[in-house]
>>> print(open('final-v3.txt').read())   # compact mmCIF, C-alpha atoms and all ligand atoms
# COMPACT_ATOMS: atom_id res chain seq x y z
CA MET C 1 179.84 146.64 63.04
CA THR C 2 176.36 147.61 63.83
CA SER C 3 175.01 144.11 63.28
CA GLU C 4 177.27 142.63 65.97
CA CYS C 5 176.16 142.64 69.53
CA SER C 6 178.94 144.51 71.39
CA GLU C 7 179.56 144.06 75.12
CA GLY C 8 177.89 147.40 75.68
CA LYS C 9 174.93 146.42 73.64
CA ARG C 10 174.62 143.14 75.53
CA ASP C 11 174.62 145.05 78.80
CA SER C 12 171.96 147.39 77.59
CA CYS C 13 170.07 144.36 76.35
CA LYS C 14 170.30 142.78 79.81
CA LEU C 15 169.10 145.98 81.38
CA HIS C 16 166.24 146.06 78.93
CA CYS C 17 165.29 142.47 79.74
CA ASN C 18 165.59 143.07 83.48
CA SER C 19 163.38 146.11 83.23
CA LYS C 20 160.66 143.84 81.81
CA LYS C 21 160.77 141.44 84.75
CA VAL C 22 157.80 141.91 86.98
CA SER C 23 157.01 140.32 90.29
CA TYR C 24 154.10 137.96 90.91
CA LYS C 25 152.43 140.77 92.87
CA GLN C 26 152.87 143.23 90.02
CA THR C 27 151.24 140.88 87.53
CA HIS C 28 148.09 141.01 89.64
CA ILE C 29 147.98 144.79 90.05
CA ASN C 30 145.59 145.32 87.17
CA PHE C 31 143.44 142.30 87.92
CA PRO C 32 140.13 143.04 89.61
CA PRO C 33 140.08 141.54 93.13
CA THR C 34 138.05 138.39 93.79
CA GLN C 35 135.39 138.98 96.39
CA CYS C 36 134.09 136.02 98.40
CA THR C 37 131.14 135.66 100.75
CA THR C 38 129.78 132.57 102.50
CA LEU C 39 126.03 132.57 103.13
CA GLU C 40 124.52 131.26 106.34
CA ASN C 41 123.42 128.07 104.57
CA GLY C 42 127.04 127.39 103.51
CA LEU C 43 126.77 128.44 99.86
CA ARG C 44 129.90 130.29 98.76
CA VAL C 45 129.66 133.30 96.45
CA ALA C 46 132.70 134.58 94.51
CA SER C 47 132.97 137.32 91.94
CA GLU C 48 135.44 139.32 89.92
CA ASP C 49 134.19 142.62 88.47
CA SER C 50 135.98 143.67 85.30
CA GLY C 51 133.33 146.24 84.45
CA ALA C 52 132.45 144.45 81.19
CA ALA C 53 129.03 144.77 79.59
CA THR C 54 128.44 141.04 79.93
CA VAL C 55 128.83 138.53 82.72
CA THR C 56 129.35 134.79 83.07
CA VAL C 57 127.72 133.35 86.15
CA GLY C 58 127.51 129.74 87.19
CA LEU C 59 127.07 127.12 89.86
CA TRP C 60 130.02 124.84 90.52
CA ILE C 61 128.74 121.81 92.42
CA ASP C 62 130.83 119.12 94.11
CA ALA C 63 129.05 116.41 92.16
CA GLY C 64 130.51 114.25 89.43
CA SER C 65 131.32 110.63 88.69
CA ARG C 66 133.85 110.56 91.56
CA TYR C 67 130.90 110.75 93.96
CA GLU C 68 129.14 107.79 92.37
CA ASN C 69 129.35 104.05 93.01
CA GLU C 70 129.12 100.95 90.81
CA ASN C 71 125.31 101.02 91.06
CA ASN C 72 124.66 104.64 90.08
CA ASN C 73 127.65 105.50 87.83
CA GLY C 74 126.37 108.08 85.31
CA VAL C 75 123.74 109.68 87.53
CA ALA C 76 125.54 113.07 87.84
CA HIS C 77 125.69 113.42 84.06
CA PHE C 78 122.07 112.23 83.71
CA LEU C 79 120.99 114.98 86.11
CA GLU C 80 122.84 117.59 84.09
CA HIS C 81 120.68 116.61 81.09
CA MET C 82 117.45 116.69 83.12
CA ALA C 83 118.08 120.24 84.39
CA PHE C 84 117.06 121.63 81.00
CA LYS C 85 113.81 119.67 80.77
CA GLY C 86 111.63 122.00 82.80
CA THR C 87 111.03 122.90 86.42
CA ALA C 88 108.04 123.33 88.70
CA LYS C 89 107.95 127.00 87.57
CA ARG C 90 108.80 126.82 83.86
CA SER C 91 108.40 124.27 81.09
CA GLN C 92 111.31 123.38 78.84
CA THR C 93 109.91 125.74 76.17
CA ASP C 94 109.46 128.57 78.69
CA LEU C 95 113.06 128.14 79.78
CA GLU C 96 114.39 128.14 76.23
CA LEU C 97 112.32 131.20 75.26
CA GLU C 98 113.35 133.10 78.35
CA ILE C 99 117.04 132.51 77.69
CA GLU C 100 116.62 133.37 74.02
CA ASN C 101 114.78 136.61 74.80
CA MET C 102 117.57 137.65 77.15
CA GLY C 103 120.09 137.02 74.36
CA ALA C 104 121.78 134.78 76.88
CA HIS C 105 123.49 131.43 76.72
CA LEU C 106 122.79 128.63 79.18
CA ASN C 107 124.96 125.54 79.35
CA ALA C 108 126.31 122.84 81.63
CA TYR C 109 128.95 120.17 81.87
CA THR C 110 129.80 117.22 84.09
CA SER C 111 133.32 116.22 84.96
CA ARG C 112 134.63 113.58 87.35
CA GLU C 113 134.62 115.99 90.28
CA GLN C 114 132.14 118.73 89.39
CA THR C 115 128.83 119.44 87.75
CA VAL C 116 128.58 122.98 86.42
CA PHE C 117 125.61 125.02 85.22
CA TYR C 118 126.40 128.46 83.83
CA ALA C 119 124.93 131.36 81.92
CA LYS C 120 126.44 134.14 79.85
CA CYS C 121 124.28 137.25 79.71
CA LEU C 122 124.18 141.05 79.78
CA LYS C 123 125.25 142.43 83.15
CA GLU C 124 121.74 143.87 83.66
CA ASP C 125 120.36 140.33 83.60
CA LEU C 126 122.62 138.92 86.34
CA THR C 127 119.84 138.56 88.94
CA LYS C 128 117.57 136.89 86.40
CA ALA C 129 120.31 134.46 85.40
CA VAL C 130 120.93 133.50 89.04
CA GLU C 131 117.21 132.91 89.52
CA ILE C 132 117.11 130.61 86.46
CA LEU C 133 120.22 128.69 87.55
CA ALA C 134 118.79 128.24 91.05
CA ASP C 135 115.47 127.08 89.59
CA ILE C 136 116.92 124.45 87.27
CA ILE C 137 118.98 122.81 90.00
CA GLN C 138 116.44 123.04 92.84
CA ASN C 139 113.10 122.53 91.12
CA SER C 140 113.81 120.26 88.19
CA LYS C 141 110.63 118.34 87.29
CA LEU C 142 112.39 115.05 86.56
CA GLY C 143 109.36 113.85 84.56
CA GLU C 144 109.19 110.10 83.94
CA GLN C 145 108.61 110.57 80.20
CA GLU C 146 111.52 113.01 79.91
CA ILE C 147 113.76 110.58 81.82
CA GLU C 148 112.90 107.78 79.38
CA ARG C 149 113.50 110.06 76.39
CA GLU C 150 116.82 111.25 77.80
CA LYS C 151 118.08 107.68 78.13
CA GLY C 152 118.12 107.49 74.32
CA VAL C 153 119.95 110.82 74.08
CA ILE C 154 122.61 109.69 76.56
CA LEU C 155 123.07 106.31 74.86
CA ARG C 156 123.64 108.13 71.57
CA GLU C 157 126.09 110.46 73.32
CA MET C 158 127.97 107.36 74.49
CA GLN C 159 128.35 106.19 70.89
CA GLU C 160 129.74 109.62 69.97
CA VAL C 161 132.21 109.48 72.86
CA GLU C 162 133.32 106.01 71.76
CA SER C 163 134.20 107.39 68.34
CA ASN C 164 136.19 110.27 69.83
CA LEU C 165 139.73 108.98 70.33
CA GLN C 166 140.69 111.69 72.81
CA GLU C 167 137.74 110.82 75.05
CA VAL C 168 138.47 107.08 74.75
CA VAL C 169 142.14 107.55 75.65
CA PHE C 170 141.29 109.62 78.74
CA ASP C 171 138.72 107.07 79.90
CA HIS C 172 141.30 104.28 79.53
CA LEU C 173 143.90 106.42 81.28
CA HIS C 174 141.58 106.93 84.27
CA SER C 175 140.61 103.25 84.37
CA VAL C 176 144.30 102.32 84.57
CA ALA C 177 145.53 105.17 86.76
CA TYR C 178 142.79 104.80 89.36
CA GLN C 179 141.94 101.10 89.22
CA GLY C 180 139.33 100.01 91.72
CA THR C 181 138.32 103.57 92.69
CA SER C 182 135.49 105.87 91.60
CA LEU C 183 137.91 108.02 89.56
CA GLY C 184 138.50 105.02 87.32
CA ARG C 185 134.88 105.02 86.13
CA THR C 186 133.55 106.98 83.15
CA ILE C 187 131.45 110.12 83.49
CA LEU C 188 128.63 108.82 81.28
CA GLY C 189 128.47 105.47 83.08
CA PRO C 190 127.76 102.02 81.62
CA SER C 191 124.71 101.68 79.35
CA LYS C 192 123.09 99.05 81.63
CA ILE C 193 122.89 101.61 84.48
CA ILE C 194 121.58 104.36 82.18
CA LYS C 195 118.85 102.04 80.88
CA ARG C 196 117.57 101.30 84.39
CA MET C 197 117.92 104.89 85.76
CA LYS C 198 114.84 105.98 87.73
CA LYS C 199 113.46 109.23 89.10
CA GLN C 200 114.30 108.08 92.64
CA ASP C 201 117.98 107.59 91.72
CA LEU C 202 118.14 111.17 90.47
CA GLU C 203 116.28 112.55 93.50
CA LYS C 204 118.59 110.72 95.88
CA TYR C 205 121.70 112.08 94.18
CA ILE C 206 120.26 115.64 94.31
CA SER C 207 119.37 115.32 97.99
CA ILE C 208 122.91 114.34 98.93
CA HIS C 209 124.99 116.48 96.59
CA TYR C 210 123.00 119.54 95.51
CA VAL C 211 123.26 121.14 98.94
CA PRO C 212 124.36 124.76 99.48
CA SER C 213 127.58 123.82 101.28
CA ARG C 214 128.72 121.91 98.17
CA ILE C 215 127.95 124.77 95.77
CA VAL C 216 129.94 127.81 94.69
CA LEU C 217 128.11 130.58 92.83
CA ALA C 218 130.78 132.36 90.83
CA ALA C 219 130.59 135.28 88.41
CA ALA C 220 133.10 137.21 86.33
CA GLY C 221 132.65 140.18 84.01
CA GLY C 222 130.25 143.01 84.73
CA VAL C 223 129.19 141.95 88.22
CA ASN C 224 128.39 143.80 91.41
CA HIS C 225 129.30 141.48 94.28
CA ASN C 226 126.58 142.75 96.64
CA GLU C 227 123.96 142.27 93.95
CA LEU C 228 125.20 138.72 93.39
CA VAL C 229 125.11 137.93 97.13
CA GLU C 230 121.57 139.33 97.38
CA ALA C 231 120.44 137.19 94.43
CA ALA C 232 122.04 134.13 96.04
CA ASP C 233 120.34 134.89 99.35
CA GLU C 234 116.96 135.19 97.67
CA ASN C 235 117.23 132.12 95.49
CA PHE C 236 119.07 129.69 97.75
CA GLU C 237 117.46 130.86 100.98
CA SER C 238 115.33 127.80 101.42
CA THR C 239 117.07 124.59 102.30
CA LYS C 240 113.85 122.66 102.81
CA SER C 241 114.24 120.93 99.47
CA PHE C 242 117.63 119.73 100.56
CA CYS C 243 118.07 116.60 102.56
CA LYS C 244 120.02 116.86 105.77
CA GLU C 245 121.88 113.65 105.02
CA GLU C 246 125.47 113.74 105.98
CA ILE C 247 127.74 115.01 103.24
CA PRO C 248 129.87 112.11 101.98
CA VAL C 249 133.51 112.15 102.91
CA LEU C 250 135.56 111.69 99.80
CA LYS C 251 137.91 108.73 100.07
CA PRO C 252 141.37 109.30 98.58
CA CYS C 253 141.66 107.64 95.17
CA ARG C 254 144.59 105.27 94.96
CA PHE C 255 146.87 106.14 92.03
CA THR C 256 147.93 102.95 90.28
CA GLY C 257 149.06 104.37 86.94
CA LEU C 258 152.72 104.91 87.75
CA TYR C 259 153.22 101.31 88.83
CA PHE C 260 151.56 100.15 85.64
CA THR C 261 153.73 102.42 83.48
CA LEU C 262 156.93 101.35 85.23
CA GLN C 263 156.07 97.72 84.63
CA LEU C 264 155.65 98.45 80.92
CA ILE C 265 158.98 100.28 80.76
CA ILE C 266 160.78 97.49 82.63
CA ARG C 267 159.31 94.88 80.31
CA LYS C 268 160.35 96.94 77.28
CA TYR C 269 164.02 97.24 78.30
ZN ZN C 301 125.73 114.80 78.07
>>> encode(input="final-v3.txt", output="structure tokens")
Amino acid sequence: MTSECSEGKRDSCKLHCNSKKVSYKQTHINFPPTQCTTLENGLRVASEDSGAATVTVGLWIDAGSRYENENNNGVAHFLEHMAFKGTAKRSQTDLELEIENMGAHLNAYTSREQTVFYAKCLKEDLTKAVEILADIIQNSKLGEQEIEREKGVILREMQEVESNLQEVVFDHLHSVAYQGTSLGRTILGPSKIIKRMKKQDLEKYISIHYVPSRIVLAAAGGVNHNELVEAADENFESTKSFCKEEIPVLKPCRFTGLYFTLQLIIRKY
């Protein structure tokens, strides 16, 4: 008797289930609010304060392989590598020691649509982390020797990517789905472009894309929004290093994958 679910029990079960349903609004009640500020130079600052002892803070830049062409494909990723090779203020060793002494973590990644530089650190070091992030993207030395050395690193990275089936599949998927558009190209670019990459190519890409209006400074964890805005104001105040070239208008990328897939299905049946 007791093992069977009686009508009454089902009703109480329904009630129980209904009582657990929460609205979209309710699910956000305990989330800290996201605070956003846009600086005069166009840089957007966003933060979410959870009161944690640590914070993750980073720069999300509208720069990736989608903003490249057939002559500079791979430049966004190349720049990501160069950011860790020293700036006008700090050598590569200084940078590494500084991060290590803060017990922090500094990293970056390049996707098709974004280049991201971020740090994880104690909340007390938020201002310092913002200063370092601003320095590596605005004052990167882009030394000729380091550029040459990095070409070898990137070519080796390409070999690794080629042996990673998941990466290979996604590159093929993009090349088919977005044929003839910049989204169809790879993030690392072809080796012939990497081999002939020059300081001027990197500088040009920075001058067009690393501009405040294309950057979001975002932080989550133990972060005071006003403190973050102040740090952004101090470290991204100057726009003199940025070129006033017109920001490129992104052309829509034609999706060709569906047509391709349908053709395969039709052929199959
Ligand atoms: Zn890389």
>>> closest_atom_pairs(input="final-v3.txt", of="chain C", to="ligand ZN 301 (chain C)", cutoff="12 Å", atoms="only C-alpha atoms and all ligand atoms", output="CSV")
residue,atom,partner,partner_atom,distance
C:Gly74,CA,C:ZN301,ZN,9.9
C:Val75,CA,C:ZN301,ZN,10.9
C:Ala76,CA,C:ZN301,ZN,9.9
C:His77,CA,C:ZN301,ZN,6.1
C:Phe78,CA,C:ZN301,ZN,7.2
C:Leu79,CA,C:ZN301,ZN,9.3
C:Glu80,CA,C:ZN301,ZN,7.2
C:His81,CA,C:ZN301,ZN,6.2
C:Met82,CA,C:ZN301,ZN,9.9
C:Ala83,CA,C:ZN301,ZN,11.3
C:Phe84,CA,C:ZN301,ZN,11.4
C:Asn107,CA,C:ZN301,ZN,10.8
C:Ala108,CA,C:ZN301,ZN,8.8
C:Tyr109,CA,C:ZN301,ZN,7.3
C:Thr110,CA,C:ZN301,ZN,7.7
C:Ser111,CA,C:ZN301,ZN,10.3
C:Thr115,CA,C:ZN301,ZN,11.2
C:Glu150,CA,C:ZN301,ZN,9.6
C:Lys151,CA,C:ZN301,ZN,10.5
C:Gly152,CA,C:ZN301,ZN,11.2
C:Val153,CA,C:ZN301,ZN,8.1
C:Ile154,CA,C:ZN301,ZN,6.2
C:Leu155,CA,C:ZN301,ZN,9.5
C:Arg156,CA,C:ZN301,ZN,9.5
C:Glu157,CA,C:ZN301,ZN,6.4
C:Met158,CA,C:ZN301,ZN,8.6
C:Gln159,CA,C:ZN301,ZN,11.5
C:Glu160,CA,C:ZN301,ZN,10.4
C:Val161,CA,C:ZN301,ZN,9.9
C:Ile187,CA,C:ZN301,ZN,9.2
C:Leu188,CA,C:ZN301,ZN,7.4
C:Gly189,CA,C:ZN301,ZN,10.9
C:Ile194,CA,C:ZN301,ZN,12.0
>>> atom_distance(input="final-v3.txt", atom1="CA of Met102 in chain C", atom2="CA of Ala119 in chain C")
10.8 Å
>>> closest_atom_pairs(input="final-v3.txt", of="range 124-189 of chain C", to="range 226-237 of chain C", cutoff="9 Å", atoms="only C-alpha atoms", output="tab-separated table")
residue	atom	partner	partner_atom	distance
C:Leu126	CA	C:Leu228	CA	7.5
C:Thr127	CA	C:Ala231	CA	5.7
C:Lys128	CA	C:Ala231	CA	8.5
C:Val130	CA	C:Ala231	CA	6.6
C:Glu131	CA	C:Asn235	CA	6.0
C:Ala134	CA	C:Asn235	CA	6.1
C:Asp135	CA	C:Asn235	CA	8.0
C:Gln138	CA	C:Phe236	CA	8.7
>>> write_last_selection(input="final-v3.txt", atoms="C-alpha atoms", output="CSV table (one decimal), in the frame of the given file")
chain,number,residue,atom,x,y,z
C,126,LEU,CA,122.6,138.9,86.3
C,127,THR,CA,119.8,138.6,88.9
C,128,LYS,CA,117.6,136.9,86.4
C,130,VAL,CA,120.9,133.5,89.0
C,131,GLU,CA,117.2,132.9,89.5
C,134,ALA,CA,118.8,128.2,91.0
C,135,ASP,CA,115.5,127.1,89.6
C,138,GLN,CA,116.4,123.0,92.8
>>> axis_aligned_box(input="final-v3.txt", around="range 80-86 of chain C", padding_each_side="3 Å", output="AutoDock Vina command-line options")
--center_x 117.2 --center_y 119.3 --center_z 82.6 --size_x 17.2 --size_y 11.4 --size_z 9.6
>>> closest_residue(input="final-v3.txt", among="C:Thr34, C:Arg112, C:Asp125, C:Ser191", to="Phe170 in chain C", atoms="only C-alpha atoms")
C:Arg112
>>> atom_distance(input="final-v3.txt", atom1="CA of Lys141 in chain C", atom2="CA of Leu106 in chain C")
17.9 Å
>>> decode(input="final-v3.txt", residues="range 139-150 of chain C", atoms="C-alpha atoms", output="short mmCIF file (atom, residue, chain, number, x, y, z; two decimals), in the first residue's frame")
data_model
loop_
_atom_site.label_atom_id
_atom_site.label_comp_id
_atom_site.auth_asym_id
_atom_site.auth_seq_id
_atom_site.Cartn_x
_atom_site.Cartn_y
_atom_site.Cartn_z
CA ASN C 139 52.90 49.32 -24.36
CA SER C 140 53.99 45.96 -25.70
CA LYS C 141 57.61 46.22 -26.91
CA LEU C 142 57.10 44.05 -30.00
CA GLY C 143 60.87 43.44 -30.22
CA GLU C 144 62.13 42.15 -33.56
CA GLN C 145 64.07 39.30 -31.92
CA GLU C 146 61.06 38.27 -29.84
CA ILE C 147 58.86 38.34 -32.95
CA GLU C 148 61.26 36.01 -34.77
CA ARG C 149 61.43 33.68 -31.77
CA GLU C 150 57.65 33.63 -31.42
#
